[in-house]
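Trainee: Could you have a look at this structure, given as structure tokens, before my questions?
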Amino acid sequence: MTRMTSTRLADGRELIYFDDAGSRLAASRTRETNPDRRELPERAEPGEIRFDALSNEWVAVAAHRQTRTHLPPADQCPLCPTTAHNASEIPSPDYDVVVFENRFPSLGPAAGPIPEDPAWGTAGPAYGRCEVVSFTPEHAGSFSGLSEARARTVVEAWSHRTEALSQLPGVRQVFPFENRGADIGVTLHHPHGQIYAYPYITPRAGTLGVAARKFYDGSDGRRTLTGSLLRAEREDGSRMVMEGENFSAYVPFAARWPLEIHLVPHRQVPDLAALSGEEKDELAHVYLDLLKRLDAFYPTPTPYISAWHQAPLDKVLRPASYLHLQLTSPRRAADKLKYLAGSEAAMGAFINDTTPESVAERLRAVTVPKSAAPAAPQPAQPEGVHA
């Protein structure tokens, strides 16, 4: 089973080790192991959020992030294990998966409610939390190169953090995601993702939530919008990429991006924390499969955004919402990127340069190499040592 150990960095930020099932690291790790001996400045106060009355949306103002680490050389990577020559964000000389509070957060470190009934001129502290998830101690590579056992540990970390962050005061939405590739705008090459805990419901989640609620019939648990779309795609078949016991993946009928795949559980659940152990086991397998297909789509690795859409923490929208992954890439050809210009950026009116059916057909045709070390069954929650 995954073992969790929570500790603190020199400036008070939380860091949590998630050890693989059966990992040699789990037996000896305690919260006092490998303390952070760096001299770090005190953590800054939260930035600011401002209300845009024209669009009815919140905007975070985080000028302090201008000084964040940007594409450092490998021997100065903050996500590699600490060595005598590189005192990184991770004090241990080795780890499997680690989650820690971002040193340069867009939201947080304090948590709390934001102003209600905002209008022009409304502002407040940028409450919330931003965490970094390092998938591996290896500096090179990507998620698609992880073993299935390691991918299962990452799934457990996402699940654990989703549940924990959902309990913070004022948090309205928890969003795990990964930006991969320089064309997406990553600032660290080390394989990693992030988790944002927002103090408001984001515009995209709000739009999806309203559509889901309009379709939803609470008297029949099967009548959900995402579940209905999944059934329709499976019946049609032309855009399906894969079908499993608990998850299926397809290119959506009205895909916005040149490469877009939705991975959806067969059972309606609000978030990753609600998945069963069996569902998490399969998720580790199918998610790796999808990423390998995406990487094999072109001669060079495909830049992508992996976005987990989880139910907002809202009593109206949450019952109708349905966990799903949206995996997208702006790459429209081997040597071409789609840029969000006038129609997309200004109007939000997408124009796709590919057909969903042809993309799905190419993804199905990819020969996927087998992952190493299949994931061992694990319980829904990790055991842990807490600070």
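Going by the structure tokens order, chains are called A, B, ..., each with residues numbered from 1, while ligands are numbered from 1 in the order shown.
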Using only C-alpha atoms, determine which residues lie at most 12 Å from Leu54 of chain A, disregarding the query and same-chain residues fewer than 4 positions distant; provide the list as an MDAnalysis selection string.
Mentor: chainID A and resid 50 58:59 118:121
Trainee: Using only N, CA, C and O atoms, please write the residues we just selected to a file, as a PDB file, in the first residue's frame.
Mentor:
ATOM      1  N   ARG A  50      -9.129  40.072  -7.831  1.00  0.00           N
ATOM      2  CA  ARG A  50      -9.974  41.208  -8.180  1.00  0.00           C
ATOM      3  C   ARG A  50     -11.144  40.718  -9.016  1.00  0.00           C
ATOM      4  O   ARG A  50     -10.994  39.820  -9.844  1.00  0.00           O
ATOM      5  N   TRP A  58     -13.506  36.181 -11.424  1.00  0.00           N
ATOM      6  CA  TRP A  58     -12.402  36.593 -10.570  1.00  0.00           C
ATOM      7  C   TRP A  58     -11.076  36.456 -11.322  1.00  0.00           C
ATOM      8  O   TRP A  58     -10.896  35.532 -12.116  1.00  0.00           O
ATOM      9  N   VAL A  59     -10.154  37.372 -11.047  1.00  0.00           N
ATOM     10  CA  VAL A  59      -8.818  37.350 -11.629  1.00  0.00           C
ATOM     11  C   VAL A  59      -7.801  37.424 -10.501  1.00  0.00           C
ATOM     12  O   VAL A  59      -7.901  38.292  -9.619  1.00  0.00           O
ATOM     13  N   PRO A 118     -19.847  40.254  -5.110  1.00  0.00           N
ATOM     14  CA  PRO A 118     -18.846  41.224  -5.551  1.00  0.00           C
ATOM     15  C   PRO A 118     -19.386  42.145  -6.642  1.00  0.00           C
ATOM     16  O   PRO A 118     -20.347  41.816  -7.345  1.00  0.00           O
ATOM     17  N   ALA A 119     -18.760  43.308  -6.772  1.00  0.00           N
ATOM     18  CA  ALA A 119     -19.109  44.285  -7.803  1.00  0.00           C
ATOM     19  C   ALA A 119     -17.815  44.930  -8.276  1.00  0.00           C
ATOM     20  O   ALA A 119     -16.722  44.559  -7.840  1.00  0.00           O
ATOM     21  N   TRP A 120     -17.923  45.914  -9.172  1.00  0.00           N
ATOM     22  CA  TRP A 120     -16.721  46.597  -9.638  1.00  0.00           C
ATOM     23  C   TRP A 120     -15.963  47.165  -8.442  1.00  0.00           C
ATOM     24  O   TRP A 120     -16.548  47.761  -7.542  1.00  0.00           O
ATOM     25  N   GLY A 121     -14.650  46.951  -8.425  1.00  0.00           N
ATOM     26  CA  GLY A 121     -13.825  47.445  -7.331  1.00  0.00           C
ATOM     27  C   GLY A 121     -13.656  46.477  -6.186  1.00  0.00           C
ATOM     28  O   GLY A 121     -12.880  46.738  -5.261  1.00  0.00           O
TER      29      GLY A 121
END
Trainee: Residues within 12 Å of segment 266-269 of chain A, please, as a PyMOL selection string. Count only C-alpha atoms; anything in the same chain fewer than 6 positions from it doesn't count.
Mentor: chain A and resi 216+220-231+234+243-249+275-276+279+282-283+309-311+318-324
Trainee: Filtering to N, CA and C atoms, could you give me those residues as an mmCIF file, in the first residue's frame?
Mentor:
data_model
loop_
_atom_site.group_PDB
_atom_site.id
_atom_site.type_symbol
_atom_site.label_atom_id
_atom_site.label_comp_id
_atom_site.auth_asym_id
_atom_site.auth_seq_id
_atom_site.Cartn_x
_atom_site.Cartn_y
_atom_site.Cartn_z
ATOM 1 N N TYR A 216 -29.464 17.240 -15.529
ATOM 2 C CA TYR A 216 -29.525 16.252 -14.441
ATOM 3 C C TYR A 216 -30.944 16.018 -13.945
ATOM 4 N N ASP A 220 -33.050 9.916 -10.976
ATOM 5 C CA ASP A 220 -32.458 8.801 -11.714
ATOM 6 C C ASP A 220 -30.960 9.044 -11.808
ATOM 7 N N GLY A 221 -30.178 8.318 -11.015
ATOM 8 C CA GLY A 221 -28.742 8.541 -10.964
ATOM 9 C C GLY A 221 -28.037 8.326 -12.283
ATOM 10 N N ARG A 222 -28.687 7.646 -13.234
ATOM 11 C CA ARG A 222 -28.054 7.411 -14.528
ATOM 12 C C ARG A 222 -28.181 8.607 -15.462
ATOM 13 N N ARG A 223 -29.067 9.521 -15.150
ATOM 14 C CA ARG A 223 -29.291 10.654 -16.046
ATOM 15 C C ARG A 223 -28.327 11.795 -15.714
ATOM 16 N N THR A 224 -27.105 11.657 -16.166
ATOM 17 C CA THR A 224 -26.107 12.715 -16.040
ATOM 18 C C THR A 224 -25.635 13.082 -17.439
ATOM 19 N N LEU A 225 -25.226 14.322 -17.621
ATOM 20 C CA LEU A 225 -24.820 14.782 -18.938
ATOM 21 C C LEU A 225 -23.574 14.047 -19.431
ATOM 22 N N THR A 226 -22.539 13.981 -18.598
ATOM 23 C CA THR A 226 -21.307 13.308 -19.008
ATOM 24 C C THR A 226 -21.542 11.818 -19.251
ATOM 25 N N GLY A 227 -22.329 11.187 -18.376
ATOM 26 C CA GLY A 227 -22.645 9.772 -18.566
ATOM 27 C C GLY A 227 -23.417 9.534 -19.854
ATOM 28 N N SER A 228 -24.341 10.443 -20.189
ATOM 29 C CA SER A 228 -25.113 10.323 -21.416
ATOM 30 C C SER A 228 -24.211 10.464 -22.639
ATOM 31 N N LEU A 229 -23.271 11.413 -22.592
ATOM 32 C CA LEU A 229 -22.340 11.599 -23.705
ATOM 33 C C LEU A 229 -21.427 10.385 -23.863
ATOM 34 N N LEU A 230 -20.997 9.816 -22.745
ATOM 35 C CA LEU A 230 -20.156 8.620 -22.807
ATOM 36 C C LEU A 230 -20.900 7.476 -23.477
ATOM 37 N N ARG A 231 -22.147 7.262 -23.101
ATOM 38 C CA ARG A 231 -22.923 6.186 -23.714
ATOM 39 C C ARG A 231 -23.103 6.424 -25.215
ATOM 40 N N ARG A 234 -19.842 5.634 -27.026
ATOM 41 C CA ARG A 234 -19.563 4.197 -27.078
ATOM 42 C C ARG A 234 -20.480 3.516 -28.096
ATOM 43 N N GLU A 243 -11.743 1.290 -24.441
ATOM 44 C CA GLU A 243 -12.818 0.961 -23.504
ATOM 45 C C GLU A 243 -12.300 -0.053 -22.509
ATOM 46 N N GLY A 244 -12.476 0.237 -21.219
ATOM 47 C CA GLY A 244 -12.060 -0.669 -20.173
ATOM 48 C C GLY A 244 -13.242 -1.103 -19.326
ATOM 49 N N GLU A 245 -12.938 -1.755 -18.205
ATOM 50 C CA GLU A 245 -14.000 -2.184 -17.293
ATOM 51 C C GLU A 245 -14.608 -1.002 -16.547
ATOM 52 N N ASN A 246 -13.759 -0.014 -16.207
ATOM 53 C CA ASN A 246 -14.204 1.105 -15.375
ATOM 54 C C ASN A 246 -14.034 2.468 -16.021
ATOM 55 N N PHE A 247 -13.235 2.555 -17.089
ATOM 56 C CA PHE A 247 -12.975 3.827 -17.768
ATOM 57 C C PHE A 247 -13.011 3.623 -19.272
ATOM 58 N N SER A 248 -13.439 4.665 -19.976
ATOM 59 C CA SER A 248 -13.331 4.689 -21.428
ATOM 60 C C SER A 248 -12.825 6.053 -21.865
ATOM 61 N N ALA A 249 -12.177 6.087 -23.039
ATOM 62 C CA ALA A 249 -11.616 7.329 -23.563
ATOM 63 C C ALA A 249 -12.075 7.537 -24.994
ATOM 64 N N LEU A 275 -13.087 7.572 -6.099
ATOM 65 C CA LEU A 275 -12.835 6.330 -6.841
ATOM 66 C C LEU A 275 -12.522 5.179 -5.893
ATOM 67 N N SER A 276 -12.912 3.980 -6.275
ATOM 68 C CA SER A 276 -12.578 2.790 -5.492
ATOM 69 C C SER A 276 -11.141 2.377 -5.790
ATOM 70 N N GLU A 279 -10.916 0.964 -9.262
ATOM 71 C CA GLU A 279 -10.974 2.002 -10.288
ATOM 72 C C GLU A 279 -9.639 2.744 -10.391
ATOM 73 N N GLU A 282 -7.147 0.607 -12.392
ATOM 74 C CA GLU A 282 -7.349 0.687 -13.833
ATOM 75 C C GLU A 282 -6.982 2.054 -14.378
ATOM 76 N N LEU A 283 -7.259 3.101 -13.607
ATOM 77 C CA LEU A 283 -6.926 4.450 -14.053
ATOM 78 C C LEU A 283 -5.432 4.585 -14.307
ATOM 79 N N HIS A 309 -11.182 17.489 -14.441
ATOM 80 C CA HIS A 309 -12.385 18.243 -14.116
ATOM 81 C C HIS A 309 -13.089 17.526 -12.965
ATOM 82 N N GLN A 310 -13.061 18.145 -11.795
ATOM 83 C CA GLN A 310 -13.704 17.580 -10.608
ATOM 84 C C GLN A 310 -14.895 18.451 -10.215
ATOM 85 N N ALA A 311 -15.841 17.856 -9.522
ATOM 86 C CA ALA A 311 -17.050 18.578 -9.149
ATOM 87 C C ALA A 311 -16.732 19.741 -8.222
ATOM 88 N N ARG A 318 -22.632 20.299 -7.532
ATOM 89 C CA ARG A 318 -21.890 19.069 -7.271
ATOM 90 C C ARG A 318 -22.684 17.780 -7.545
ATOM 91 N N PRO A 319 -23.963 17.679 -7.156
ATOM 92 C CA PRO A 319 -24.674 16.413 -7.390
ATOM 93 C C PRO A 319 -24.755 16.003 -8.859
ATOM 94 N N ALA A 320 -24.756 16.981 -9.772
ATOM 95 C CA ALA A 320 -24.884 16.674 -11.191
ATOM 96 C C ALA A 320 -23.544 16.519 -11.890
ATOM 97 N N SER A 321 -22.457 16.894 -11.227
ATOM 98 C CA SER A 321 -21.142 16.898 -11.854
ATOM 99 C C SER A 321 -20.543 15.498 -11.900
ATOM 100 N N TYR A 322 -19.557 15.336 -12.789
ATOM 101 C CA TYR A 322 -19.055 14.000 -13.111
ATOM 102 C C TYR A 322 -17.562 14.127 -13.405
ATOM 103 N N LEU A 323 -16.749 13.447 -12.624
ATOM 104 C CA LEU A 323 -15.304 13.472 -12.833
ATOM 105 C C LEU A 323 -14.945 13.062 -14.260
ATOM 106 N N HIS A 324 -14.029 13.804 -14.886
ATOM 107 C CA HIS A 324 -13.465 13.362 -16.151
ATOM 108 C C HIS A 324 -12.165 14.097 -16.433
#
Trainee: Applying 9 Å and only C-alpha atoms, which residues near Val359 of chain A remain after dropping the ones on its own chain fewer than 2 positions away? List them as a CSV table (one decimal) with all heavy atoms, in the first residue's frame.
Mentor:
chain,number,residue,atom,x,y,z
A,239,ARG,N,-15.4,7.6,-32.6
A,239,ARG,CA,-14.4,8.5,-31.9
A,239,ARG,C,-13.8,7.8,-30.7
A,239,ARG,O,-13.1,8.5,-29.9
A,239,ARG,CB,-15.1,9.8,-31.6
A,239,ARG,CG,-15.3,10.7,-32.8
A,239,ARG,CD,-16.2,11.8,-32.5
A,239,ARG,NE,-17.5,11.4,-32.0
A,239,ARG,CZ,-18.5,11.1,-32.9
A,239,ARG,NH1,-18.4,11.2,-34.2
A,239,ARG,NH2,-19.7,10.7,-32.4
A,251,VAL,N,-12.4,10.8,-28.3
A,251,VAL,CA,-12.2,12.1,-28.8
A,251,VAL,C,-13.7,12.7,-28.9
A,251,VAL,O,-14.5,12.1,-29.6
A,251,VAL,CB,-11.6,12.2,-30.2
A,251,VAL,CG1,-11.5,13.6,-30.8
A,251,VAL,CG2,-10.2,11.5,-30.1
A,258,PRO,N,-6.8,20.5,-31.7
A,258,PRO,CA,-6.4,19.5,-32.7
A,258,PRO,C,-6.2,18.1,-32.1
A,258,PRO,O,-6.5,17.2,-32.8
A,258,PRO,CB,-5.0,20.1,-33.1
A,258,PRO,CG,-5.1,21.6,-32.8
A,258,PRO,CD,-5.9,21.7,-31.6
A,259,LEU,N,-5.8,18.0,-30.9
A,259,LEU,CA,-5.7,16.7,-30.2
A,259,LEU,C,-6.5,16.9,-28.9
A,259,LEU,O,-6.1,17.7,-28.0
A,259,LEU,CB,-4.3,16.3,-29.9
A,259,LEU,CG,-3.4,15.8,-31.0
A,259,LEU,CD1,-2.0,15.6,-30.6
A,259,LEU,CD2,-4.0,14.5,-31.6
A,260,GLU,N,-7.6,16.2,-28.7
A,260,GLU,CA,-8.4,16.3,-27.5
A,260,GLU,C,-9.0,14.9,-27.2
A,260,GLU,O,-9.6,14.3,-28.0
A,260,GLU,CB,-9.5,17.3,-27.6
A,260,GLU,CG,-10.3,17.5,-26.3
A,260,GLU,CD,-11.3,18.6,-26.4
A,260,GLU,OE1,-11.2,19.5,-27.3
A,260,GLU,OE2,-12.2,18.7,-25.5
A,354,THR,N,-8.6,19.9,-37.2
A,354,THR,CA,-8.6,18.4,-37.4
A,354,THR,C,-10.0,17.9,-37.3
A,354,THR,O,-10.8,18.6,-36.7
A,354,THR,CB,-7.6,17.7,-36.5
A,354,THR,OG1,-8.1,17.9,-35.1
A,354,THR,CG2,-6.2,18.2,-36.6
A,355,THR,N,-10.3,16.7,-37.7
A,355,THR,CA,-11.6,16.1,-37.5
A,355,THR,C,-11.4,15.1,-36.3
A,355,THR,O,-10.5,14.3,-36.3
A,355,THR,CB,-12.1,15.3,-38.7
A,355,THR,OG1,-11.3,14.2,-39.0
A,355,THR,CG2,-12.2,16.3,-39.9
A,356,PRO,N,-12.4,15.1,-35.4
A,356,PRO,CA,-12.3,14.2,-34.2
A,356,PRO,C,-12.2,12.7,-34.7
A,356,PRO,O,-11.5,11.9,-34.0
A,356,PRO,CB,-13.6,14.4,-33.5
A,356,PRO,CG,-13.9,15.9,-33.8
A,356,PRO,CD,-13.5,16.0,-35.2
A,357,GLU,N,-12.9,12.3,-35.7
A,357,GLU,CA,-12.9,10.9,-36.2
A,357,GLU,C,-11.5,10.5,-36.7
A,357,GLU,O,-11.1,9.4,-36.4
A,357,GLU,CB,-13.9,10.7,-37.3
A,357,GLU,CG,-15.4,10.9,-36.9
A,357,GLU,CD,-15.8,12.3,-36.6
A,357,GLU,OE1,-15.1,13.3,-37.1
A,357,GLU,OE2,-16.9,12.5,-36.0
A,361,GLU,N,-9.1,7.7,-34.9
A,361,GLU,CA,-8.6,6.5,-35.7
A,361,GLU,C,-7.1,6.4,-35.6
A,361,GLU,O,-6.5,5.3,-35.4
A,361,GLU,CB,-9.0,6.7,-37.2
A,361,GLU,CG,-8.6,5.5,-38.1
A,361,GLU,CD,-9.0,5.7,-39.5
A,361,GLU,OE1,-9.5,6.8,-39.9
A,361,GLU,OE2,-9.0,4.7,-40.2
A,362,ARG,N,-6.3,7.5,-35.7
A,362,ARG,CA,-4.9,7.5,-35.5
A,362,ARG,C,-4.5,7.0,-34.1
A,362,ARG,O,-3.5,6.3,-34.0
A,362,ARG,CB,-4.3,8.8,-35.9
A,362,ARG,CG,-4.3,9.2,-37.3
A,362,ARG,CD,-3.5,10.5,-37.6
A,362,ARG,NE,-2.1,10.4,-37.1
A,362,ARG,CZ,-1.3,11.4,-37.2
A,362,ARG,NH1,-1.7,12.6,-37.6
A,362,ARG,NH2,-0.1,11.3,-36.8
A,363,LEU,N,-5.2,7.5,-33.1
A,363,LEU,CA,-4.8,7.1,-31.7
A,363,LEU,C,-5.1,5.7,-31.5
A,363,LEU,O,-4.3,5.0,-30.8
A,363,LEU,CB,-5.7,8.0,-30.7
A,363,LEU,CG,-5.2,9.4,-30.6
A,363,LEU,CD1,-6.3,10.2,-29.8
A,363,LEU,CD2,-3.9,9.5,-29.8
A,364,ARG,N,-6.1,5.1,-32.1
A,364,ARG,CA,-6.4,3.7,-31.9
A,364,ARG,C,-5.3,2.8,-32.6
A,364,ARG,O,-5.0,1.7,-32.1
A,364,ARG,CB,-7.8,3.3,-32.5
A,364,ARG,CG,-9.0,3.8,-31.7
A,364,ARG,CD,-10.2,3.1,-32.2
A,364,ARG,NE,-10.5,3.3,-33.6
A,364,ARG,CZ,-11.3,4.3,-34.1
A,364,ARG,NH1,-11.8,5.2,-33.2
A,364,ARG,NH2,-11.5,4.5,-35.4
Trainee: Tell me which protein, DNA and RNA residues are within 12 Å of Ala365 of chain A, counting only C-alpha atoms, leaving out same-chain ones fewer than 2 positions away, and put them as a list in words.
Mentor: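 Final neighbour list, sorted by chain and number: Met240, Val241, Met242, Arg293, Leu294, Ala296, Phe297, Ser358, Val359, Ala360, Glu361, Arg362, Leu363, Thr367 and Val368 of chain A.
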Trainee: Pick out the residues sitting within 6 Å of segment 158-165 of chain A, and hand them over as a VMD selection string; count only C-alpha atoms, and ignore anything fewer than 3 positions along from it in its own chain.
Mentor: chain A and resid 155 168 272 to 273
Trainee: For segment 179-191 of chain A, find every residue with an atom within 12 Å (counting only C-alpha atoms), except residues of its own chain fewer than 4 positions away, and show them as a VMD selection string.
Mentor: chain A and resid 65 to 81 97 to 98 132 to 146 154 195 291 294 to 295 300 to 308 327 to 331 335 to 339
Trainee: Pro115 of chain A: which residues within 9 Å, counting only C-alpha atoms, same-chain residues fewer than 5 positions away excluded, as a ChimeraX atom specification?
Mentor: /A:122-124
Trainee: Keeping all heavy atoms for every residue in the selection just given, could you write it to a file as a compact mmCIF listing (two decimals), in the first residue's frame?
Mentor:
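Contents of part.txt, freshly written:
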# COMPACT_ATOMS: atom_id res chain seq x y z
N THR A 122 -14.35 45.32 -6.23
CA THR A 122 -14.22 44.33 -5.15
C THR A 122 -12.90 43.58 -5.31
O THR A 122 -12.57 43.10 -6.39
CB THR A 122 -15.37 43.33 -5.18
OG1 THR A 122 -16.61 44.01 -5.02
CG2 THR A 122 -15.23 42.30 -4.05
N ALA A 123 -12.15 43.50 -4.23
CA ALA A 123 -10.88 42.77 -4.21
C ALA A 123 -10.73 42.11 -2.86
O ALA A 123 -11.45 42.43 -1.90
CB ALA A 123 -9.70 43.70 -4.50
N GLY A 124 -9.80 41.18 -2.78
CA GLY A 124 -9.54 40.51 -1.51
C GLY A 124 -8.29 39.68 -1.60
O GLY A 124 -7.68 39.55 -2.67
Trainee: In Å, rounded to a single decimal, give me how far atom CA of Arg256 of chain A is from atom CA of Lys292 of chain A.
Mentor: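 Taking atom CA of Lys292 of chain A as the start and atom CA of Arg256 of chain A as the end point, the length is 21.3 Å.
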Trainee: When distances are computed from only C-alpha atoms, which of A:Met1, A:Arg24, A:Ser343, A:Leu208 shows the smallest separation from Gly277 of chain A?
Mentor: A:Met1
Trainee: Run DSSP on the backbone and give me the residues of segment 171-229 of chain A it puts in strand (DSSP E), as a ChimeraX atom specification.
Mentor: /A:173-180,192-198
